[in-house]
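Quick look at upload.cif (mmCIF, C-alpha atoms):
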```cif
data_query
#
loop_
_atom_site.label_atom_id
_atom_site.label_comp_id
_atom_site.auth_asym_id
_atom_site.auth_seq_id
_atom_site.Cartn_x
_atom_site.Cartn_y
_atom_site.Cartn_z
CA MET A 1 42.38 -3.32 -26.12
CA ALA A 2 40.83 -3.62 -22.68
CA ASP A 3 43.09 -4.54 -19.79
CA PRO A 4 40.95 -5.37 -16.75
CA GLY A 5 43.81 -4.26 -14.51
CA MET A 6 44.32 -0.89 -16.20
CA SER A 7 43.26 2.25 -14.32
CA VAL A 8 41.91 4.07 -17.39
CA ALA A 9 39.94 3.37 -20.55
CA PRO A 10 40.05 3.23 -23.47
CA TYR A 11 43.62 1.94 -23.28
CA TRP A 12 45.70 0.31 -25.97
CA GLU A 13 49.19 -1.14 -25.96
CA LEU A 14 51.52 -0.69 -28.90
CA THR A 15 54.50 -3.06 -29.06
CA PHE A 16 57.61 -2.45 -31.17
CA ASP A 17 60.57 -4.71 -31.87
CA ALA A 18 64.19 -3.55 -31.80
CA ASP A 19 64.01 -2.44 -35.45
CA GLY A 20 60.97 -0.23 -34.84
CA ASP A 21 58.43 -2.54 -36.44
CA PRO A 22 55.08 -2.45 -34.59
CA ASP A 23 52.90 -5.40 -33.71
CA GLY A 24 50.54 -5.24 -36.69
CA ALA A 25 47.44 -6.45 -34.87
CA GLU A 26 47.89 -3.94 -32.03
CA ARG A 27 48.49 -1.08 -34.45
CA ASP A 28 45.49 -1.94 -36.59
CA ARG A 29 43.25 -2.25 -33.55
CA LEU A 30 44.31 1.20 -32.37
CA LEU A 31 43.71 2.72 -35.81
CA ASP A 32 40.28 1.06 -36.07
CA GLU A 33 39.04 1.83 -32.56
CA VAL A 34 40.31 5.30 -31.65
CA THR A 35 37.59 7.05 -33.65
CA ALA A 36 34.85 4.64 -32.54
CA HIS A 37 35.60 5.53 -28.92
CA GLY A 38 35.23 9.24 -29.65
CA VAL A 39 38.77 10.03 -28.50
CA ARG A 40 39.85 13.63 -29.01
CA ASP A 41 43.09 13.62 -26.97
CA LEU A 42 45.34 10.55 -27.07
CA ILE A 43 48.14 10.33 -24.49
CA VAL A 44 50.96 8.07 -25.71
CA PHE A 45 53.50 7.09 -23.02
CA ALA A 46 56.85 5.38 -23.72
CA HIS A 47 58.70 3.77 -20.81
CA GLY A 48 62.46 3.93 -20.32
CA TRP A 49 64.63 1.43 -18.46
CA ASN A 50 62.44 -1.62 -18.04
CA ASN A 51 62.56 -5.39 -18.24
CA ASP A 52 59.11 -6.66 -19.13
CA ARG A 53 55.62 -5.77 -20.27
CA SER A 54 54.12 -6.19 -16.80
CA THR A 55 56.46 -3.58 -15.31
CA ALA A 56 55.68 -1.17 -18.15
CA THR A 57 51.96 -1.72 -17.75
CA ALA A 58 52.24 -1.16 -13.99
CA LEU A 59 53.96 2.17 -14.64
CA TYR A 60 51.21 3.24 -17.04
CA ARG A 61 48.48 2.12 -14.65
CA ARG A 62 49.91 4.22 -11.82
CA PHE A 63 50.81 7.28 -13.87
CA PHE A 64 47.49 7.45 -15.75
CA ALA A 65 45.32 6.76 -12.67
CA PRO A 66 44.72 10.39 -11.54
CA ILE A 67 44.13 11.79 -15.03
CA PRO A 68 40.39 11.09 -15.48
CA ALA A 69 39.59 12.98 -12.27
CA LEU A 70 41.90 15.84 -13.26
CA ALA A 71 40.24 16.23 -16.68
CA PRO A 72 36.71 14.84 -16.22
CA ARG A 73 35.25 16.42 -19.36
CA ALA A 74 38.07 15.48 -21.72
CA ARG A 75 37.53 12.74 -24.29
CA LEU A 76 40.73 10.89 -23.54
CA GLY A 77 42.37 7.74 -24.79
CA TYR A 78 45.64 6.19 -23.62
CA VAL A 79 48.43 4.22 -25.30
CA GLY A 80 51.23 2.40 -23.52
CA VAL A 81 54.27 1.85 -25.74
CA VAL A 82 56.18 -1.38 -25.10
CA TRP A 83 59.66 -1.63 -26.60
CA PRO A 84 62.67 -3.91 -25.90
CA SER A 85 64.65 -1.99 -23.31
CA MET A 86 66.14 -3.25 -20.06
CA ARG A 87 66.90 -2.29 -16.48
CA PHE A 88 69.59 -3.72 -14.24
CA CYS A 89 67.65 -5.47 -11.50
CA ASP A 90 69.69 -4.01 -8.62
CA GLU A 91 68.16 -0.59 -9.35
CA PRO A 92 65.17 0.07 -7.07
CA ILE A 93 62.13 1.90 -8.47
CA PRO A 94 60.29 4.21 -6.06
CA ASP A 95 56.65 3.19 -5.46
CA PHE A 96 57.27 -0.30 -6.86
CA PRO A 97 57.96 -3.38 -4.73
CA LYS A 98 61.69 -3.94 -4.33
CA SER A 99 63.06 -6.98 -6.04
CA VAL A 100 65.09 -9.44 -4.04
CA VAL A 101 68.09 -8.32 -6.06
CA ALA A 102 67.60 -4.64 -5.22
CA THR A 103 67.19 -5.44 -1.53
CA GLU A 104 70.36 -7.52 -1.52
CA ALA A 105 72.21 -4.76 -3.34
CA GLU A 106 71.26 -2.28 -0.62
CA GLU A 107 72.42 -4.62 2.12
CA ARG A 108 75.58 -5.83 0.46
CA PRO A 109 76.62 -3.86 -2.63
CA ALA A 110 78.68 -6.05 -4.91
CA PRO A 111 79.72 -5.60 -8.53
CA VAL A 112 78.46 -9.02 -9.62
CA LEU A 113 75.84 -9.98 -12.15
CA ASP A 114 72.71 -11.30 -10.45
CA LYS A 115 70.51 -13.99 -11.96
CA ASP A 116 67.65 -11.66 -12.91
CA THR A 117 69.92 -9.22 -14.70
CA ARG A 118 71.54 -12.10 -16.57
CA HIS A 119 68.09 -13.14 -17.80
CA ALA A 120 67.33 -9.53 -18.78
CA LEU A 121 70.56 -9.32 -20.79
CA LEU A 122 69.72 -12.57 -22.55
CA ASP A 123 66.27 -11.27 -23.47
CA THR A 124 67.65 -7.92 -24.65
CA PHE A 125 70.59 -9.34 -26.61
CA PRO A 126 69.35 -12.67 -28.00
CA GLY A 127 71.97 -15.12 -29.21
CA ARG A 128 74.59 -13.89 -26.72
CA ALA A 129 74.17 -16.51 -23.98
CA THR A 130 77.82 -17.59 -24.05
CA VAL A 131 79.02 -13.98 -23.87
CA VAL A 132 76.69 -13.17 -20.96
CA ASP A 133 77.89 -16.26 -19.07
CA GLN A 134 81.53 -15.28 -19.58
CA ILE A 135 80.86 -11.71 -18.43
CA ALA A 136 79.05 -12.99 -15.31
CA ARG A 137 81.93 -15.34 -14.49
CA MET A 138 84.52 -12.59 -14.83
CA LEU A 139 82.54 -10.17 -12.64
CA GLU A 140 82.37 -12.83 -9.94
CA GLN A 141 85.96 -14.07 -10.14
CA ARG A 142 87.62 -10.71 -11.00
CA PRO A 143 90.60 -12.37 -12.72
CA ALA A 144 93.79 -10.33 -12.64
CA ALA A 145 95.04 -8.93 -15.96
CA GLU A 146 91.87 -9.90 -17.85
CA LEU A 147 90.03 -6.57 -18.00
CA ALA A 148 90.93 -6.20 -21.67
CA GLU A 149 89.07 -9.46 -22.37
CA PHE A 150 86.15 -8.21 -20.28
CA GLY A 151 86.01 -5.07 -22.44
CA ARG A 152 86.06 -7.17 -25.60
CA LEU A 153 83.14 -9.25 -24.35
CA VAL A 154 81.12 -6.15 -23.46
CA ARG A 155 81.68 -4.76 -26.96
CA LEU A 156 80.67 -8.08 -28.46
CA LEU A 157 77.51 -8.18 -26.36
CA VAL A 158 76.22 -4.82 -27.58
CA GLU A 159 77.58 -5.31 -31.12
CA VAL A 160 79.95 -2.33 -31.18
CA LEU A 161 83.09 -3.71 -32.77
CA PRO A 162 86.38 -1.84 -33.37
CA GLY A 163 86.63 -0.57 -36.92
CA GLY A 164 83.09 -1.63 -37.75
CA PRO A 165 80.21 0.53 -38.97
CA GLN A 166 78.62 2.58 -36.21
CA PRO A 167 75.00 1.94 -35.28
CA LEU A 168 72.39 4.45 -36.37
CA PHE A 169 70.79 7.01 -34.07
CA ALA A 170 73.28 6.69 -31.20
CA ALA A 171 74.54 10.27 -31.22
CA ASP A 172 72.58 13.18 -29.75
CA THR A 173 74.91 15.79 -31.24
CA LEU A 174 76.85 15.80 -34.49
CA ALA A 175 79.69 17.97 -35.79
CA GLU A 176 79.61 19.20 -39.38
CA GLY A 177 82.22 17.49 -41.51
CA VAL A 178 83.41 15.29 -38.65
CA PRO A 179 82.60 11.59 -39.04
CA GLN A 180 81.24 9.84 -35.97
CA SER A 181 83.94 7.51 -34.69
CA GLU A 182 83.81 4.67 -32.24
CA PRO A 183 82.89 5.89 -28.73
CA VAL A 184 85.72 5.96 -26.21
CA LEU A 185 83.36 3.94 -24.02
CA PHE A 186 84.21 0.97 -26.26
CA ALA A 187 87.62 1.88 -27.66
CA GLU A 188 89.60 3.22 -24.66
CA ASP A 189 91.69 1.10 -22.33
CA THR A 190 89.23 -0.96 -20.29
CA THR A 191 91.21 -0.63 -17.06
CA ALA A 192 91.17 3.18 -17.24
CA LEU A 193 87.45 3.20 -17.97
CA CYS A 194 86.63 0.88 -15.08
CA GLU A 195 88.81 2.91 -12.71
CA GLU A 196 86.87 6.03 -13.67
CA PHE A 197 83.55 4.32 -13.00
CA ALA A 198 84.86 2.97 -9.67
CA ARG A 199 85.71 6.52 -8.55
CA ALA A 200 82.27 7.77 -9.59
CA LEU A 201 80.52 4.96 -7.72
CA ALA A 202 82.54 5.64 -4.59
CA SER A 203 81.69 9.34 -4.73
CA ALA A 204 77.99 8.44 -5.12
CA GLY A 205 78.07 6.34 -1.97
CA GLN A 206 78.15 2.94 -3.66
CA GLY A 207 80.98 0.51 -4.07
CA ALA A 208 84.22 0.03 -2.23
CA GLY A 209 84.63 3.58 -0.91
CA THR A 210 87.92 4.33 -2.63
CA ALA A 211 90.06 6.89 -0.84
CA GLU A 212 90.25 10.23 -2.60
CA PHE A 213 93.76 9.82 -3.96
CA ALA A 214 94.06 6.05 -3.95
CA LEU A 215 94.03 4.06 -7.17
CA PRO A 216 90.70 2.21 -7.26
CA ASP A 217 90.32 -1.46 -8.07
CA PRO A 218 89.09 -1.29 -11.68
CA TRP A 219 86.91 -4.36 -11.11
CA ASP A 220 84.80 -2.19 -8.77
CA GLY A 221 83.75 -0.25 -11.89
CA ALA A 222 83.47 -3.15 -14.31
CA LYS A 223 79.77 -3.77 -13.76
CA GLU A 224 79.09 -0.07 -14.34
CA LEU A 225 80.95 -0.30 -17.66
CA LEU A 226 78.62 -3.16 -18.62
CA ARG A 227 75.59 -1.17 -17.43
CA GLN A 228 76.53 1.89 -19.45
CA ALA A 229 77.35 -0.18 -22.54
CA ALA A 230 73.92 -1.80 -22.33
CA TYR A 231 72.34 1.63 -21.92
CA TYR A 232 74.26 2.91 -24.94
CA ALA A 233 72.60 0.13 -26.93
CA MET A 234 69.19 1.05 -25.44
CA LYS A 235 69.80 4.69 -26.34
CA ARG A 236 70.50 3.67 -29.93
CA ARG A 237 67.43 1.42 -29.96
CA ALA A 238 65.15 4.15 -28.55
CA GLY A 239 65.99 6.42 -31.49
CA THR A 240 65.33 3.63 -33.97
CA VAL A 241 61.96 2.71 -32.44
CA GLY A 242 60.91 6.36 -32.26
CA GLU A 243 61.84 7.39 -35.78
CA ARG A 244 61.10 4.21 -37.68
CA GLY A 245 58.22 3.04 -35.53
CA LEU A 246 56.22 5.46 -33.41
CA GLY A 247 56.57 8.42 -35.76
CA ARG A 248 55.06 6.43 -38.61
CA VAL A 249 52.22 5.16 -36.44
CA VAL A 250 51.36 8.72 -35.38
CA GLY A 251 51.21 9.60 -39.07
CA GLN A 252 48.83 6.71 -39.65
CA LEU A 253 46.70 7.86 -36.72
CA ALA A 254 46.48 11.33 -38.25
CA GLY A 255 45.13 9.77 -41.41
CA ALA A 256 42.72 7.40 -39.69
CA ALA A 257 41.35 9.95 -37.22
CA PRO A 258 41.53 13.51 -38.59
CA GLY A 259 41.37 15.99 -35.75
CA LEU A 260 42.87 13.61 -33.19
CA ARG A 261 45.22 15.43 -30.81
CA VAL A 262 48.26 13.31 -29.87
CA HIS A 263 50.32 13.98 -26.73
CA LEU A 264 53.64 12.15 -26.46
CA VAL A 265 55.13 11.37 -23.05
CA GLY A 266 58.44 9.61 -22.45
CA HIS A 267 60.44 8.61 -19.40
CA SER A 268 64.23 8.21 -19.53
CA PHE A 269 65.13 6.64 -22.90
CA GLY A 270 61.41 6.73 -23.66
CA GLY A 271 61.91 10.51 -23.79
CA ARG A 272 64.46 9.98 -26.53
CA LEU A 273 62.05 7.60 -28.25
CA VAL A 274 59.17 10.09 -28.41
CA SER A 275 61.55 12.89 -29.43
CA PHE A 276 62.88 10.85 -32.34
CA ALA A 277 59.28 10.07 -33.29
CA LEU A 278 59.11 13.71 -34.40
CA ARG A 279 61.75 12.93 -37.03
CA GLY A 280 59.64 10.04 -38.24
CA LEU A 281 56.43 12.04 -38.74
CA PRO A 282 55.29 12.18 -42.37
CA ASP A 283 55.48 15.62 -43.97
CA GLY A 284 52.56 17.84 -43.13
CA VAL A 285 51.37 15.89 -40.09
CA ARG A 286 50.53 18.29 -37.23
CA ALA A 287 48.76 15.82 -34.95
CA VAL A 288 51.32 16.05 -32.13
CA LYS A 289 50.06 18.78 -29.80
CA SER A 290 52.54 18.33 -26.95
CA VAL A 291 55.60 16.36 -25.90
CA THR A 292 56.47 15.87 -22.22
CA LEU A 293 59.86 14.46 -21.25
CA LEU A 294 60.15 12.93 -17.77
CA GLN A 295 63.80 12.62 -16.73
CA GLY A 296 64.88 12.34 -20.36
CA ALA A 297 68.08 10.30 -20.75
CA PHE A 298 69.64 12.06 -23.71
CA SER A 299 71.74 15.15 -24.30
CA HIS A 300 70.36 18.51 -23.19
CA TYR A 301 71.76 19.84 -26.47
CA ALA A 302 69.78 17.43 -28.68
CA PHE A 303 67.48 20.23 -29.96
CA ALA A 304 70.21 22.90 -30.24
CA ALA A 305 71.17 24.34 -33.61
CA ARG A 306 74.70 25.06 -32.35
CA LEU A 307 76.62 23.89 -29.31
CA PRO A 308 78.18 26.55 -27.07
CA HIS A 309 81.52 24.73 -27.00
CA ASP A 310 81.63 23.84 -30.73
CA PRO A 311 79.98 26.09 -33.36
CA ARG A 312 80.40 23.33 -35.96
CA ALA A 313 78.16 20.97 -34.03
CA GLY A 314 74.43 20.85 -33.42
CA GLY A 315 71.84 18.61 -31.89
CA VAL A 316 70.63 15.64 -33.90
CA LEU A 317 67.04 16.81 -33.25
CA GLN A 318 67.59 20.49 -34.00
CA GLY A 319 64.38 22.11 -35.18
CA GLN A 320 62.24 19.05 -34.47
CA GLU A 321 60.41 20.91 -31.70
CA ASN A 322 58.81 22.92 -34.51
CA ARG A 323 56.94 19.80 -35.61
CA ILE A 324 54.91 19.98 -32.40
CA ASP A 325 51.74 22.05 -32.60
CA GLY A 326 52.33 23.07 -28.99
CA PRO A 327 55.12 22.87 -26.41
CA LEU A 328 58.03 20.56 -25.70
CA VAL A 329 58.04 20.32 -21.90
CA CYS A 330 61.12 18.91 -20.20
CA CYS A 331 60.83 17.90 -16.53
CA HIS A 332 64.17 17.66 -14.75
CA SER A 333 65.51 17.09 -11.24
CA ARG A 334 68.87 17.61 -9.56
CA PHE A 335 68.16 14.47 -7.50
CA ASP A 336 68.48 12.23 -10.58
CA GLY A 337 71.76 10.46 -9.85
CA ALA A 338 71.71 8.40 -13.04
CA LEU A 339 71.61 11.55 -15.17
CA GLY A 340 73.60 13.80 -12.86
CA THR A 341 76.67 11.57 -12.47
CA MET A 342 76.74 8.37 -14.52
CA TYR A 343 75.12 9.72 -17.68
CA PRO A 344 77.56 12.64 -18.19
CA LEU A 345 80.50 10.40 -17.35
CA ALA A 346 79.39 7.82 -19.92
CA SER A 347 78.64 10.61 -22.41
CA ARG A 348 82.12 11.97 -21.90
CA MET A 349 83.44 8.51 -22.61
CA ALA A 350 81.37 8.38 -25.81
CA ASP A 351 83.08 11.49 -27.17
CA ASP A 352 86.00 11.18 -29.57
CA ASP A 353 87.86 14.47 -29.13
CA ALA A 354 90.01 13.76 -26.06
CA SER A 355 91.22 11.03 -23.78
CA LEU A 356 89.26 10.00 -20.73
CA LEU A 357 92.35 9.79 -18.56
CA GLY A 358 92.67 12.50 -15.94
CA VAL A 359 89.06 13.66 -16.18
CA ASP A 360 87.71 14.81 -12.83
CA VAL A 361 84.22 13.49 -12.09
CA GLY A 362 83.15 16.89 -10.71
CA ALA A 363 84.14 18.58 -13.95
CA VAL A 364 82.26 15.95 -15.92
CA LEU A 365 79.06 17.20 -14.29
CA GLY A 366 79.36 20.51 -16.13
CA ALA A 367 77.17 21.79 -18.88
CA ARG A 368 78.90 20.03 -21.75
CA TRP A 369 77.83 16.52 -20.84
CA GLY A 370 74.44 17.07 -19.24
CA ALA A 371 71.18 15.24 -19.82
CA MET A 372 67.68 16.59 -20.39
CA GLY A 373 66.42 15.11 -17.14
CA HIS A 374 69.14 16.73 -15.04
CA ASP A 375 69.00 20.37 -16.11
CA GLY A 376 66.56 20.67 -19.01
CA VAL A 377 66.77 21.74 -22.66
CA GLN A 378 69.86 23.87 -23.32
CA ALA A 379 70.99 26.26 -26.10
CA VAL A 380 67.57 26.59 -27.71
CA PRO A 381 66.64 30.30 -27.90
CA GLY A 382 63.36 31.22 -26.25
CA THR A 383 63.29 28.25 -23.87
CA ARG A 384 61.29 29.11 -20.76
CA SER A 385 62.21 27.85 -17.27
CA LEU A 386 59.63 27.30 -14.53
CA ASP A 387 59.47 25.60 -11.18
CA LEU A 388 56.80 22.96 -10.73
CA ALA A 389 54.40 25.24 -8.88
CA ALA A 390 54.52 27.85 -11.65
CA ALA A 391 54.04 25.17 -14.31
CA LEU A 392 50.90 23.94 -12.56
CA ARG A 393 49.32 27.36 -12.30
CA GLY A 394 48.48 27.63 -15.96
CA PRO A 395 48.52 25.99 -19.38
CA LEU A 396 51.85 25.50 -21.11
CA ALA A 397 50.41 25.23 -24.59
CA ALA A 398 52.43 27.94 -26.34
CA PRO A 399 54.89 26.44 -28.87
CA GLY A 400 58.54 26.19 -27.92
CA CYS A 401 60.60 24.51 -25.22
CA VAL A 402 59.72 24.74 -21.52
CA ASN A 403 61.95 23.46 -18.71
CA VAL A 404 60.13 22.47 -15.54
CA ASP A 405 62.17 21.89 -12.39
CA ALA A 406 60.37 18.89 -10.88
CA ALA A 407 62.75 18.38 -7.95
CA ALA A 408 59.92 19.17 -5.53
CA VAL A 409 58.50 15.70 -6.24
CA VAL A 410 61.21 13.83 -8.20
CA ARG A 411 63.60 13.34 -5.29
CA ARG A 412 63.51 9.74 -3.96
CA GLY A 413 65.92 6.92 -4.76
CA GLY A 414 69.32 5.56 -3.80
CA PRO A 415 72.56 5.09 -5.75
CA PRO A 416 73.45 4.59 -8.49
CA CYS A 417 70.29 6.01 -10.09
CA GLY A 418 68.90 8.35 -7.43
CA ALA A 419 65.47 9.74 -8.28
CA HIS A 420 65.63 8.79 -11.95
CA SER A 421 62.51 6.60 -11.79
CA ASP A 422 60.60 8.63 -9.19
CA ILE A 423 58.00 9.86 -11.69
CA VAL A 424 54.66 8.50 -10.50
CA HIS A 425 53.19 11.72 -9.10
CA PRO A 426 49.84 13.43 -9.81
CA GLU A 427 51.76 16.68 -10.23
CA LEU A 428 53.55 15.25 -13.27
CA ALA A 429 50.26 13.98 -14.69
CA ARG A 430 48.99 17.56 -14.32
CA VAL A 431 52.04 18.80 -16.26
CA VAL A 432 51.10 16.49 -19.14
CA LEU A 433 47.55 17.89 -19.12
CA ALA A 434 48.81 21.48 -18.93
CA ALA A 435 51.21 20.90 -21.82
CA GLY A 436 48.41 19.60 -24.02
CA ARG A 437 45.78 22.07 -22.79
CA ILE A 438 43.63 19.06 -21.92
CA GLY A 439 40.53 19.63 -19.84
#
```
Written as structure tokens, how would this file's structure read?
Amino acid sequence: MADPGMSVAPYWELTFDADGDPDGAERDRLLDEVTAHGVRDLIVFAHGWNNDRSTATALYRRFFAPIPALAPRARLGYVGVVWPSMRFCDEPIPDFPKSVVATEAEERPAPVLDKDTRHALLDTFPGRATVVDQIARMLEQRPAAELAEFGRLVRLLVEVLPGGPQPLFAADTLAEGVPQSEPVLFAEDTTALCEEFARALASAGQGAGTAEFALPDPWDGAKELLRQAAYYAMKRRAGTVGERGLGRVVGQLAGAAPGLRVHLVGHSFGGRLVSFALRGLPDGVRAVKSVTLLQGAFSHYAFAARLPHDPRAGGVLQGQENRIDGPLVCCHSRFDGALGTMYPLASRMADDDASLLGVDVGAVLGARWGAMGHDGVQAVPGTRSLDLAAALRGPLAAPGCVNVDAAAVVRRGGPPCGAHSDIVHPELARVVLAAGRIG
């Protein structure tokens, strides 16, 4: 349990594999020790885009550090969830040392696959070494007339094959009576997709700086297609780990420690993970007292009963906020470039009701394709909206959804992700405490 480098105690780590199965020894230790330590409030944090345990632990160490002083009388315990996600290594993380790759990307942006990201892909998609090597070679050599083959390799890497069964838990919204078909992200013409990503990168200040009306070089967007395909797989995996893994463990905690108050926190796809954990709670379990989403990388309609643009469709998590014995708090920021530009573009590409061709990137940023972390929970009646200062003035413990505009602190970061990972702030730790009425 004890990590000599951790900023808080008692602290446990809880590791899940891609299928949502927990490390048995870690789970059993948590179940055995949480009562012995007299914990009343347990904060469970799930990371998002990440490459290794040490980076996840560093995030937890920094985020948790101010909490004991903010709630000195609370009987707190802490859990860091570790699950197999990945981050492209050219994406800098505010407050963390820049990798060599991220520094080189700032100095000389290039749509190639660096060594560290190759290793991350190999760890995330085991058994795909040959495919990763071929993708890396093509990104470096940019062979003419071979983008279709590049698209095939990307699909093979993330195991989304034309005509095959679709993976579970990938969709955030579903239409009644309409089967989920293969996302356009994997089925559409690869050249058109890469051209669209190249335009978006140029408009975000990264890439070749395509002129407004010039046809972009589709290879300038090829790496972004790979990035978004990998993130689609991570999005799918986050739902699986949340529903099949964390939700069940929270149910076991409720049985092992009656009266324990659990507070779920998730960043990026970790926000999707903890939200899907609500679906995995056993019937009758009311141990979850708050959920806080930090720049959640999933649809802002995920909790909606009906979508404004399609009355047949609703969010895949509709009604799940009612399983929280307290609030669902969604922190969002307009400075999140990953969720403000690339996420809605990729989400648009994952839809099956129209062609991608001719879509204007500015229009893509509209309400239909937004993410939780960009503009908050949408289309859920009774949702309250506060700025960060108002959220910090008082407890947020009433049930229901609360949007908190965190742009006052979540604002640092360069393209393509912007402020997506700028979450290590004492103000956000205070939001978690306010949501759970802790201390």
Residue contacts of A:Val81 (6 Å, all atoms listed in the file) excluding same-chain residues fewer than 5 positions away, as a PyMOL selection string: chain A and resi 13-15+45-46
Output check: residues returned by the PyMOL selection byres ((chain A and resi 264-268) around 9), as number ranges by chain: A: 42-49, 262-263, 269-275, 288-298, 373, 420-421, 423, 432
Ground truth for the PyMOL selection byres ((chain A and resi 237-250) around 10), written as a PyMOL selection string: chain A and resi 14-22+27-28+30-31+44+46+48+81+83-85+167-172+231-236+251-256+262+264+268-282+285-288
Residue members of the PyMOL selection byres ((chain A and resi 401) around 7) in the file shown, as a ChimeraX atom specification: /A:327-329,383-384,400,402-403
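Proximity to A:Val132 at 10 Å, evaluated using all atoms listed in the file and with sequence-adjacent residues fewer than 2 positions away removed, yields A:Leu113, A:Arg118, A:His119, A:Leu121, A:Leu122, A:Phe125, A:Gly127, A:Arg128, A:Ala129, A:Thr130, A:Gln134, A:Ile135, A:Ala136, A:Arg137, A:Met138, A:Leu153, A:Val154, A:Leu156, A:Leu157.
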Please dump the current selection as a PDB file, keeping the file's coordinate frame; keep C-alpha atoms.
```pdb
ATOM      1  CA  LEU A 113      75.840  -9.980 -12.150  1.00  0.00           C
ATOM      2  CA  ARG A 118      71.540 -12.100 -16.570  1.00  0.00           C
ATOM      3  CA  HIS A 119      68.090 -13.140 -17.800  1.00  0.00           C
ATOM      4  CA  LEU A 121      70.560  -9.320 -20.790  1.00  0.00           C
ATOM      5  CA  LEU A 122      69.720 -12.570 -22.550  1.00  0.00           C
ATOM      6  CA  PHE A 125      70.590  -9.340 -26.610  1.00  0.00           C
ATOM      7  CA  GLY A 127      71.970 -15.120 -29.210  1.00  0.00           C
ATOM      8  CA  ARG A 128      74.590 -13.890 -26.720  1.00  0.00           C
ATOM      9  CA  ALA A 129      74.170 -16.510 -23.980  1.00  0.00           C
ATOM     10  CA  THR A 130      77.820 -17.590 -24.050  1.00  0.00           C
ATOM     11  CA  GLN A 134      81.530 -15.280 -19.580  1.00  0.00           C
ATOM     12  CA  ILE A 135      80.860 -11.710 -18.430  1.00  0.00           C
ATOM     13  CA  ALA A 136      79.050 -12.990 -15.310  1.00  0.00           C
ATOM     14  CA  ARG A 137      81.930 -15.340 -14.490  1.00  0.00           C
ATOM     15  CA  MET A 138      84.520 -12.590 -14.830  1.00  0.00           C
ATOM     16  CA  LEU A 153      83.140  -9.250 -24.350  1.00  0.00           C
ATOM     17  CA  VAL A 154      81.120  -6.150 -23.460  1.00  0.00           C
ATOM     18  CA  LEU A 156      80.670  -8.080 -28.460  1.00  0.00           C
ATOM     19  CA  LEU A 157      77.510  -8.180 -26.360  1.00  0.00           C
TER      20      LEU A 157
END
```
Selected residue of minimal separation from A:Ala408 among A:Ala25, A:Ala175, A:Ala148, A:Ala389, counting only C-alpha atoms: A:Ala389
Proximity to A:Ala435 - best of A:Arg334, A:Gly340, A:Met372, A:Gly326, all atoms listed in the file: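 Ranked by minimum distance to A:Ala435, first place goes to A:Gly326.
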Nearest-residue call for A:Phe63, choices A:Ser7, A:Pro415, A:Val34, A:Pro308, using all atoms listed in the file: A:Ser7
Between atom CA of A:Ala429 and atom CA of A:Pro381 - distance in Å to one decimal: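 About the pair atom CA of A:Pro381 and atom CA of A:Ala429: they are 26.6 Å apart.
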Distance in Å - atom CA of A:Ala120 versus atom CA of A:Cys89: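 The value is 8.3 Å.
Atom CA of A:Ala305 to atom CA of A:Thr341 spans 25.3 Å [interatomic distance, one decimal].
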Residue nearest A:Asp90 among A:Arg227, A:Leu76, A:Glu159, A:Pro426 (counting only C-alpha atoms):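 Checking each candidate against A:Asp90, we get A:Arg227 as the closest.
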When you look at A:Glu146 with a cut-off of 12 Å (counting only C-alpha atoms), what residues show up, excluding the ones that are within fewer than 2 positions of it in the same chain? I need them as an mmCIF file with C-alpha atoms, keeping the file's coordinate frame.
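That gives us selection.cif:
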```
data_model
loop_
_atom_site.group_PDB
_atom_site.id
_atom_site.type_symbol
_atom_site.label_atom_id
_atom_site.label_comp_id
_atom_site.auth_asym_id
_atom_site.auth_seq_id
_atom_site.Cartn_x
_atom_site.Cartn_y
_atom_site.Cartn_z
ATOM 1 C CA GLN A 134 81.530 -15.280 -19.580
ATOM 2 C CA ILE A 135 80.860 -11.710 -18.430
ATOM 3 C CA ARG A 137 81.930 -15.340 -14.490
ATOM 4 C CA MET A 138 84.520 -12.590 -14.830
ATOM 5 C CA LEU A 139 82.540 -10.170 -12.640
ATOM 6 C CA GLN A 141 85.960 -14.070 -10.140
ATOM 7 C CA ARG A 142 87.620 -10.710 -11.000
ATOM 8 C CA PRO A 143 90.600 -12.370 -12.720
ATOM 9 C CA ALA A 144 93.790 -10.330 -12.640
ATOM 10 C CA ALA A 148 90.930 -6.200 -21.670
ATOM 11 C CA GLU A 149 89.070 -9.460 -22.370
ATOM 12 C CA PHE A 150 86.150 -8.210 -20.280
ATOM 13 C CA GLY A 151 86.010 -5.070 -22.440
ATOM 14 C CA ARG A 152 86.060 -7.170 -25.600
ATOM 15 C CA LEU A 153 83.140 -9.250 -24.350
ATOM 16 C CA ASP A 189 91.690 1.100 -22.330
ATOM 17 C CA THR A 190 89.230 -0.960 -20.290
ATOM 18 C CA THR A 191 91.210 -0.630 -17.060
ATOM 19 C CA PRO A 218 89.090 -1.290 -11.680
ATOM 20 C CA TRP A 219 86.910 -4.360 -11.110
ATOM 21 C CA ALA A 222 83.470 -3.150 -14.310
#
```
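When only C-alpha atoms are used to measure the gap to A:Leu339, the shortest distance among A:Thr173, A:Ala313, A:Arg430, A:Gln228 belongs to A:Gln228.
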